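Enquirer: Before I ask anything, let me first share the structure, which is written out below as structure tokens.
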Amino acid sequence: MKKAVYPGTFDPPHLGHLDIVERSLKLFDKVVVAIAKNPRKNILFPLEERLEMFREMTKPMGDKVEVKGFDSLLVDFMKKEKVDIIVRGVRLFTDFEYELQIAMTNFKLAQVETVFMMPSQEYIHISSTIVRDIASYCGELEELVHPFVAQKLRERFRCG
């Protein structure tokens, strides 16, 4: 069975993230969505809620997708999971520059390979930062996030 890890903070997860998981399943038998606790970032949702949201989004995919949290180096998480391939979504050239540095470092640290995937055209403009900004003004989220995530965002920002 060929497995890959799709890591990120996913704060919040959006349809671009879901698109990468769905498309990754065309290449891999199983995808482990690895959600970083990442206390160095200004996080909107605690880890437990991000796990809950991603699990709800991927429920139709059954046991082909596992959603797990981690609070360590990604390569240490991968060793524990016995996975040696990372999937990363890249939207723009600037994303690629940053992701390439991380991919090279992860290879140097643990000989893990990184597969870069672009989101589908309808999702390439979406980022968690944009989703948070729109949600903070109680804007329309339906084209950006799963309905469960939209509900969580409306609750967080007290939108009626």
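If you're wondering about the labels, chains in the structure tokens are A, B, ... by order shown, residues count from 1 in each chain, ligands from 1 in order shown.
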Based on the backbone DSSP call, show me all residues of segment 88-128 of chain A assigned alpha helix (DSSP H), as a VMD selection string.

Expert: chain A and resid 93 to 110 128

Enquirer: Store the residues picked out above in a file with N, CA, C and O atoms, as a PDB file, in the first residue's frame.

Expert:
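After the write, again39.pdb holds the following:
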```pdb
ATOM      1  N   PHE A  93       4.073  30.790  -7.679  1.00  0.00           N
ATOM      2  CA  PHE A  93       5.519  30.603  -7.725  1.00  0.00           C
ATOM      3  C   PHE A  93       6.147  30.878  -6.356  1.00  0.00           C
ATOM      4  O   PHE A  93       7.079  30.195  -5.943  1.00  0.00           O
ATOM      5  N   THR A  94       5.634  31.871  -5.643  1.00  0.00           N
ATOM      6  CA  THR A  94       6.181  32.177  -4.316  1.00  0.00           C
ATOM      7  C   THR A  94       5.965  31.017  -3.358  1.00  0.00           C
ATOM      8  O   THR A  94       6.825  30.742  -2.520  1.00  0.00           O
ATOM      9  N   ASP A  95       4.825  30.310  -3.476  1.00  0.00           N
ATOM     10  CA  ASP A  95       4.608  29.102  -2.674  1.00  0.00           C
ATOM     11  C   ASP A  95       5.687  28.075  -2.997  1.00  0.00           C
ATOM     12  O   ASP A  95       6.237  27.427  -2.114  1.00  0.00           O
ATOM     13  N   PHE A  96       5.987  27.927  -4.288  1.00  0.00           N
ATOM     14  CA  PHE A  96       6.936  26.908  -4.708  1.00  0.00           C
ATOM     15  C   PHE A  96       8.328  27.165  -4.143  1.00  0.00           C
ATOM     16  O   PHE A  96       8.992  26.233  -3.676  1.00  0.00           O
ATOM     17  N   GLU A  97       8.768  28.406  -4.148  1.00  0.00           N
ATOM     18  CA  GLU A  97      10.100  28.721  -3.605  1.00  0.00           C
ATOM     19  C   GLU A  97      10.210  28.282  -2.146  1.00  0.00           C
ATOM     20  O   GLU A  97      11.178  27.648  -1.752  1.00  0.00           O
ATOM     21  N   TYR A  98       9.216  28.641  -1.353  1.00  0.00           N
ATOM     22  CA  TYR A  98       9.197  28.282   0.067  1.00  0.00           C
ATOM     23  C   TYR A  98       9.121  26.767   0.235  1.00  0.00           C
ATOM     24  O   TYR A  98       9.867  26.173   1.012  1.00  0.00           O
ATOM     25  N   GLU A  99       8.197  26.139  -0.503  1.00  0.00           N
ATOM     26  CA  GLU A  99       7.998  24.693  -0.385  1.00  0.00           C
ATOM     27  C   GLU A  99       9.227  23.905  -0.849  1.00  0.00           C
ATOM     28  O   GLU A  99       9.536  22.856  -0.299  1.00  0.00           O
ATOM     29  N   LEU A 100       9.933  24.417  -1.840  1.00  0.00           N
ATOM     30  CA  LEU A 100      11.135  23.746  -2.313  1.00  0.00           C
ATOM     31  C   LEU A 100      12.204  23.716  -1.224  1.00  0.00           C
ATOM     32  O   LEU A 100      12.853  22.686  -1.015  1.00  0.00           O
ATOM     33  N   GLN A 101      12.363  24.823  -0.500  1.00  0.00           N
ATOM     34  CA  GLN A 101      13.329  24.846   0.609  1.00  0.00           C
ATOM     35  C   GLN A 101      12.976  23.798   1.656  1.00  0.00           C
ATOM     36  O   GLN A 101      13.849  23.068   2.143  1.00  0.00           O
ATOM     37  N   ILE A 102      11.709  23.723   2.000  1.00  0.00           N
ATOM     38  CA  ILE A 102      11.273  22.742   2.995  1.00  0.00           C
ATOM     39  C   ILE A 102      11.464  21.320   2.468  1.00  0.00           C
ATOM     40  O   ILE A 102      11.942  20.437   3.198  1.00  0.00           O
ATOM     41  N   ALA A 103      11.114  21.090   1.208  1.00  0.00           N
ATOM     42  CA  ALA A 103      11.256  19.756   0.620  1.00  0.00           C
ATOM     43  C   ALA A 103      12.723  19.309   0.632  1.00  0.00           C
ATOM     44  O   ALA A 103      13.021  18.158   0.973  1.00  0.00           O
ATOM     45  N   MET A 104      13.625  20.217   0.281  1.00  0.00           N
ATOM     46  CA  MET A 104      15.043  19.875   0.278  1.00  0.00           C
ATOM     47  C   MET A 104      15.541  19.578   1.688  1.00  0.00           C
ATOM     48  O   MET A 104      16.326  18.652   1.902  1.00  0.00           O
ATOM     49  N   THR A 105      15.072  20.339   2.653  1.00  0.00           N
ATOM     50  CA  THR A 105      15.461  20.109   4.048  1.00  0.00           C
ATOM     51  C   THR A 105      14.933  18.771   4.537  1.00  0.00           C
ATOM     52  O   THR A 105      15.664  17.999   5.181  1.00  0.00           O
ATOM     53  N   ASN A 106      13.668  18.466   4.241  1.00  0.00           N
ATOM     54  CA  ASN A 106      13.088  17.190   4.665  1.00  0.00           C
ATOM     55  C   ASN A 106      13.828  16.015   4.030  1.00  0.00           C
ATOM     56  O   ASN A 106      14.039  14.986   4.679  1.00  0.00           O
ATOM     57  N   PHE A 107      14.245  16.178   2.776  1.00  0.00           N
ATOM     58  CA  PHE A 107      15.012  15.112   2.132  1.00  0.00           C
ATOM     59  C   PHE A 107      16.361  14.943   2.817  1.00  0.00           C
ATOM     60  O   PHE A 107      16.799  13.825   3.083  1.00  0.00           O
ATOM     61  N   LYS A 108      17.002  16.055   3.120  1.00  0.00           N
ATOM     62  CA  LYS A 108      18.310  16.015   3.792  1.00  0.00           C
ATOM     63  C   LYS A 108      18.192  15.360   5.176  1.00  0.00           C
ATOM     64  O   LYS A 108      19.044  14.568   5.572  1.00  0.00           O
ATOM     65  N   LEU A 109      17.112  15.680   5.903  1.00  0.00           N
ATOM     66  CA  LEU A 109      16.924  15.152   7.257  1.00  0.00           C
ATOM     67  C   LEU A 109      16.541  13.673   7.279  1.00  0.00           C
ATOM     68  O   LEU A 109      16.984  12.931   8.155  1.00  0.00           O
ATOM     69  N   ALA A 110      15.667  13.263   6.330  1.00  0.00           N
ATOM     70  CA  ALA A 110      15.112  11.911   6.454  1.00  0.00           C
ATOM     71  C   ALA A 110      14.870  11.203   5.121  1.00  0.00           C
ATOM     72  O   ALA A 110      14.148  10.204   5.091  1.00  0.00           O
ATOM     73  N   SER A 128      -6.222  29.887   3.406  1.00  0.00           N
ATOM     74  CA  SER A 128      -6.838  29.970   4.737  1.00  0.00           C
ATOM     75  C   SER A 128      -6.899  31.418   5.208  1.00  0.00           C
ATOM     76  O   SER A 128      -7.862  31.819   5.872  1.00  0.00           O
TER      77      SER A 128
END
```

Enquirer: For segment 22-34 of chain A, work out the shell of residues within 8 Å, counting only C-alpha atoms and skipping chain neighbours fewer than 4 positions away, then give it as a ChimeraX atom specification.

Expert: /A:1-8,18,63-70,87

Enquirer: Looking at A:Pro119, A:Leu15, A:Gln111, A:Glu48, which one is nearest to Lys79 of chain A, with distances taken over only C-alpha atoms?

Expert: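 Result for the nearest residue to Lys79 of chain A: A:Gln111.
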
Enquirer: Using only C-alpha atoms, find the one residue out of A:Asp84, A:Leu73, A:Thr129, A:Asp11 that sits nearest to Leu51 of chain A.

Expert: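 Smallest separation from Leu51 of chain A among the options: A:Asp11.
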
Enquirer: Using only C-alpha atoms, find the one residue out of A:Arg91, A:Arg154, A:Arg55, A:Arg50 that sits nearest to Glu122 of chain A.

Expert: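 Going through A:Arg91, A:Arg154, A:Arg55, A:Arg50 one by one, the smallest distance to Glu122 of chain A is for A:Arg91.
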
Enquirer: Set out as a tab-separated table a contact list for segment 4-116 of chain A and segment 132-145 of chain A with a cut-off of 8 Å, giving each residue of segment 4-116 of chain A that qualifies its closest atom pair and distance in Å to one decimal, counting only C-alpha atoms, ordered by chain and rising residue number.

Expert:
```
residue	atom	partner	partner_atom	distance
A:Pro12	CA	A:Arg132	CA	7.5
A:Pro13	CA	A:Val145	CA	7.2
A:His14	CA	A:Val145	CA	4.4
A:Leu15	CA	A:Val145	CA	5.0
A:Gly16	CA	A:Leu144	CA	7.9
```

Enquirer: Now that the selection is made, can you save its residues with N, CA, C and O atoms as a short mmCIF file (atom, residue, chain, number, x, y, z; two decimals), in the first residue's frame?

Expert:
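Output contents, as saved in part_37.cif:
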```cif
data_model
loop_
_atom_site.label_atom_id
_atom_site.label_comp_id
_atom_site.auth_asym_id
_atom_site.auth_seq_id
_atom_site.Cartn_x
_atom_site.Cartn_y
_atom_site.Cartn_z
N PRO A 12 -8.47 27.83 8.60
CA PRO A 12 -9.25 26.58 8.56
C PRO A 12 -8.97 25.80 7.27
O PRO A 12 -8.44 26.35 6.31
N PRO A 13 -9.39 24.54 7.26
CA PRO A 13 -9.30 23.78 6.01
C PRO A 13 -10.31 24.34 5.01
O PRO A 13 -11.38 24.81 5.40
N HIS A 14 -9.95 24.32 3.73
CA HIS A 14 -10.85 24.85 2.71
C HIS A 14 -10.93 23.88 1.52
O HIS A 14 -10.31 22.82 1.54
N LEU A 15 -11.72 24.26 0.52
CA LEU A 15 -11.96 23.36 -0.60
C LEU A 15 -10.70 23.09 -1.42
O LEU A 15 -10.58 22.04 -2.04
N GLY A 16 -9.74 24.01 -1.42
CA GLY A 16 -8.47 23.75 -2.09
C GLY A 16 -7.72 22.61 -1.41
O GLY A 16 -7.12 21.75 -2.09
#
```

Enquirer: Which residues are near Met118 of chain A? Cut-off 9 Å, only C-alpha atoms, ignore same chain within fewer than 6 positions. Put them as a PyMOL selection string.

Expert: chain A and resi 20+88-92+124

Enquirer: Print the selection's residues with all heavy atoms to a file, as a short mmCIF file (atom, residue, chain, number, x, y, z; two decimals), in the first residue's frame.

Expert:
```
data_model
loop_
_atom_site.label_atom_id
_atom_site.label_comp_id
_atom_site.auth_asym_id
_atom_site.auth_seq_id
_atom_site.Cartn_x
_atom_site.Cartn_y
_atom_site.Cartn_z
N ILE A 20 -6.81 18.81 -3.04
CA ILE A 20 -5.49 18.15 -3.04
C ILE A 20 -5.61 16.72 -2.48
O ILE A 20 -5.01 15.79 -3.02
CB ILE A 20 -4.45 18.97 -2.24
CG1 ILE A 20 -4.18 20.32 -2.91
CG2 ILE A 20 -3.16 18.18 -2.03
CD1 ILE A 20 -3.50 20.25 -4.26
N ARG A 88 2.36 18.24 -1.14
CA ARG A 88 2.19 19.66 -0.81
C ARG A 88 1.46 20.34 -1.96
O ARG A 88 1.77 20.11 -3.13
CB ARG A 88 3.55 20.33 -0.61
CG ARG A 88 4.28 19.87 0.62
CD ARG A 88 3.59 20.20 1.91
NE ARG A 88 3.52 21.64 2.09
CZ ARG A 88 2.78 22.25 2.99
NH1 ARG A 88 1.99 21.57 3.78
NH2 ARG A 88 2.80 23.55 3.09
N GLY A 89 0.50 21.16 -1.59
CA GLY A 89 -0.19 21.97 -2.58
C GLY A 89 0.57 23.27 -2.79
O GLY A 89 1.01 23.89 -1.82
N VAL A 90 0.73 23.67 -4.03
CA VAL A 90 1.36 24.95 -4.35
C VAL A 90 0.45 25.71 -5.30
O VAL A 90 -0.04 25.17 -6.28
CB VAL A 90 2.77 24.79 -4.95
CG1 VAL A 90 3.76 24.29 -3.92
CG2 VAL A 90 2.78 23.88 -6.16
N ARG A 91 0.21 26.97 -4.96
CA ARG A 91 -0.69 27.79 -5.77
C ARG A 91 0.08 28.75 -6.67
O ARG A 91 -0.30 28.98 -7.79
CB ARG A 91 -1.63 28.60 -4.87
CG ARG A 91 -2.59 27.74 -4.08
CD ARG A 91 -3.31 28.54 -3.02
NE ARG A 91 -2.32 29.03 -2.07
CZ ARG A 91 -2.35 30.23 -1.49
NH1 ARG A 91 -3.32 31.06 -1.75
NH2 ARG A 91 -1.42 30.59 -0.63
N LEU A 92 1.12 29.33 -6.15
CA LEU A 92 1.85 30.38 -6.85
C LEU A 92 3.34 30.07 -6.85
O LEU A 92 3.82 29.24 -6.07
CB LEU A 92 1.63 31.72 -6.14
CG LEU A 92 0.18 32.12 -5.90
CD1 LEU A 92 0.10 33.28 -4.92
CD2 LEU A 92 -0.48 32.49 -7.21
N ILE A 124 -7.62 27.50 -6.96
CA ILE A 124 -6.23 27.98 -6.87
C ILE A 124 -6.11 29.31 -6.13
O ILE A 124 -5.07 29.62 -5.57
CB ILE A 124 -5.58 28.02 -8.27
CG1 ILE A 124 -4.07 27.95 -8.13
CG2 ILE A 124 -6.07 29.22 -9.07
CD1 ILE A 124 -3.36 27.48 -9.35
#
```

Enquirer: As a PDB file with N, CA and C atoms, in the first residue's frame, please: every residue in segment 35-156 of chain A that a backbone DSSP assignment puts in strand (DSSP E).

Expert:
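Saved to selection_15.pdb:
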```
ATOM      1  N   ILE A  35      -2.086  17.407  10.652  1.00  0.00           N
ATOM      2  CA  ILE A  35      -2.375  18.787  11.042  1.00  0.00           C
ATOM      3  C   ILE A  35      -1.448  19.191  12.181  1.00  0.00           C
ATOM      4  N   ALA A  36      -0.663  20.231  11.898  1.00  0.00           N
ATOM      5  CA  ALA A  36       0.333  20.698  12.859  1.00  0.00           C
ATOM      6  C   ALA A  36      -0.316  21.549  13.943  1.00  0.00           C
ATOM      7  N   VAL A  65      -8.482   7.969   3.949  1.00  0.00           N
ATOM      8  CA  VAL A  65      -7.918   9.196   4.512  1.00  0.00           C
ATOM      9  C   VAL A  65      -7.919   9.086   6.030  1.00  0.00           C
ATOM     10  N   GLU A  66      -6.772   9.346   6.621  1.00  0.00           N
ATOM     11  CA  GLU A  66      -6.653   9.455   8.079  1.00  0.00           C
ATOM     12  C   GLU A  66      -6.298  10.901   8.386  1.00  0.00           C
ATOM     13  N   VAL A  67      -6.886  11.446   9.443  1.00  0.00           N
ATOM     14  CA  VAL A  67      -6.583  12.813   9.853  1.00  0.00           C
ATOM     15  C   VAL A  67      -5.981  12.739  11.247  1.00  0.00           C
ATOM     16  N   LYS A  68      -4.733  13.204  11.374  1.00  0.00           N
ATOM     17  CA  LYS A  68      -4.020  13.115  12.643  1.00  0.00           C
ATOM     18  C   LYS A  68      -3.338  14.438  12.946  1.00  0.00           C
ATOM     19  N   GLY A  69      -3.212  14.752  14.217  1.00  0.00           N
ATOM     20  CA  GLY A  69      -2.474  15.925  14.643  1.00  0.00           C
ATOM     21  C   GLY A  69      -1.051  15.550  15.005  1.00  0.00           C
ATOM     22  N   PHE A  70      -0.171  16.562  14.948  1.00  0.00           N
ATOM     23  CA  PHE A  70       1.203  16.321  15.386  1.00  0.00           C
ATOM     24  C   PHE A  70       1.814  17.606  15.923  1.00  0.00           C
ATOM     25  N   ILE A  85       6.614   9.805   1.772  1.00  0.00           N
ATOM     26  CA  ILE A  85       6.235  10.737   0.709  1.00  0.00           C
ATOM     27  C   ILE A  85       5.333  11.826   1.291  1.00  0.00           C
ATOM     28  N   ILE A  86       5.668  13.067   0.952  1.00  0.00           N
ATOM     29  CA  ILE A  86       4.887  14.235   1.354  1.00  0.00           C
ATOM     30  C   ILE A  86       4.168  14.768   0.126  1.00  0.00           C
ATOM     31  N   VAL A  87       2.925  15.155   0.295  1.00  0.00           N
ATOM     32  CA  VAL A  87       2.186  15.863  -0.746  1.00  0.00           C
ATOM     33  C   VAL A  87       2.018  17.299  -0.274  1.00  0.00           C
ATOM     34  N   ARG A  88       2.358  18.237  -1.141  1.00  0.00           N
ATOM     35  CA  ARG A  88       2.191  19.655  -0.813  1.00  0.00           C
ATOM     36  C   ARG A  88       1.463  20.342  -1.959  1.00  0.00           C
ATOM     37  N   GLY A  89       0.501  21.161  -1.592  1.00  0.00           N
ATOM     38  CA  GLY A  89      -0.190  21.970  -2.581  1.00  0.00           C
ATOM     39  C   GLY A  89       0.568  23.266  -2.788  1.00  0.00           C
ATOM     40  N   GLU A 113      10.576  12.076   0.093  1.00  0.00           N
ATOM     41  CA  GLU A 113      10.309  12.756  -1.174  1.00  0.00           C
ATOM     42  C   GLU A 113       9.090  13.651  -1.019  1.00  0.00           C
ATOM     43  N   THR A 114       9.035  14.725  -1.803  1.00  0.00           N
ATOM     44  CA  THR A 114       7.885  15.620  -1.798  1.00  0.00           C
ATOM     45  C   THR A 114       7.298  15.682  -3.199  1.00  0.00           C
ATOM     46  N   VAL A 115       5.991  15.502  -3.274  1.00  0.00           N
ATOM     47  CA  VAL A 115       5.242  15.633  -4.519  1.00  0.00           C
ATOM     48  C   VAL A 115       4.472  16.942  -4.438  1.00  0.00           C
ATOM     49  N   PHE A 116       4.676  17.809  -5.422  1.00  0.00           N
ATOM     50  CA  PHE A 116       3.968  19.088  -5.459  1.00  0.00           C
ATOM     51  C   PHE A 116       2.746  18.958  -6.364  1.00  0.00           C
ATOM     52  N   MET A 117       1.623  19.439  -5.872  1.00  0.00           N
ATOM     53  CA  MET A 117       0.392  19.421  -6.668  1.00  0.00           C
ATOM     54  C   MET A 117      -0.225  20.809  -6.661  1.00  0.00           C
TER      55      MET A 117
END
```
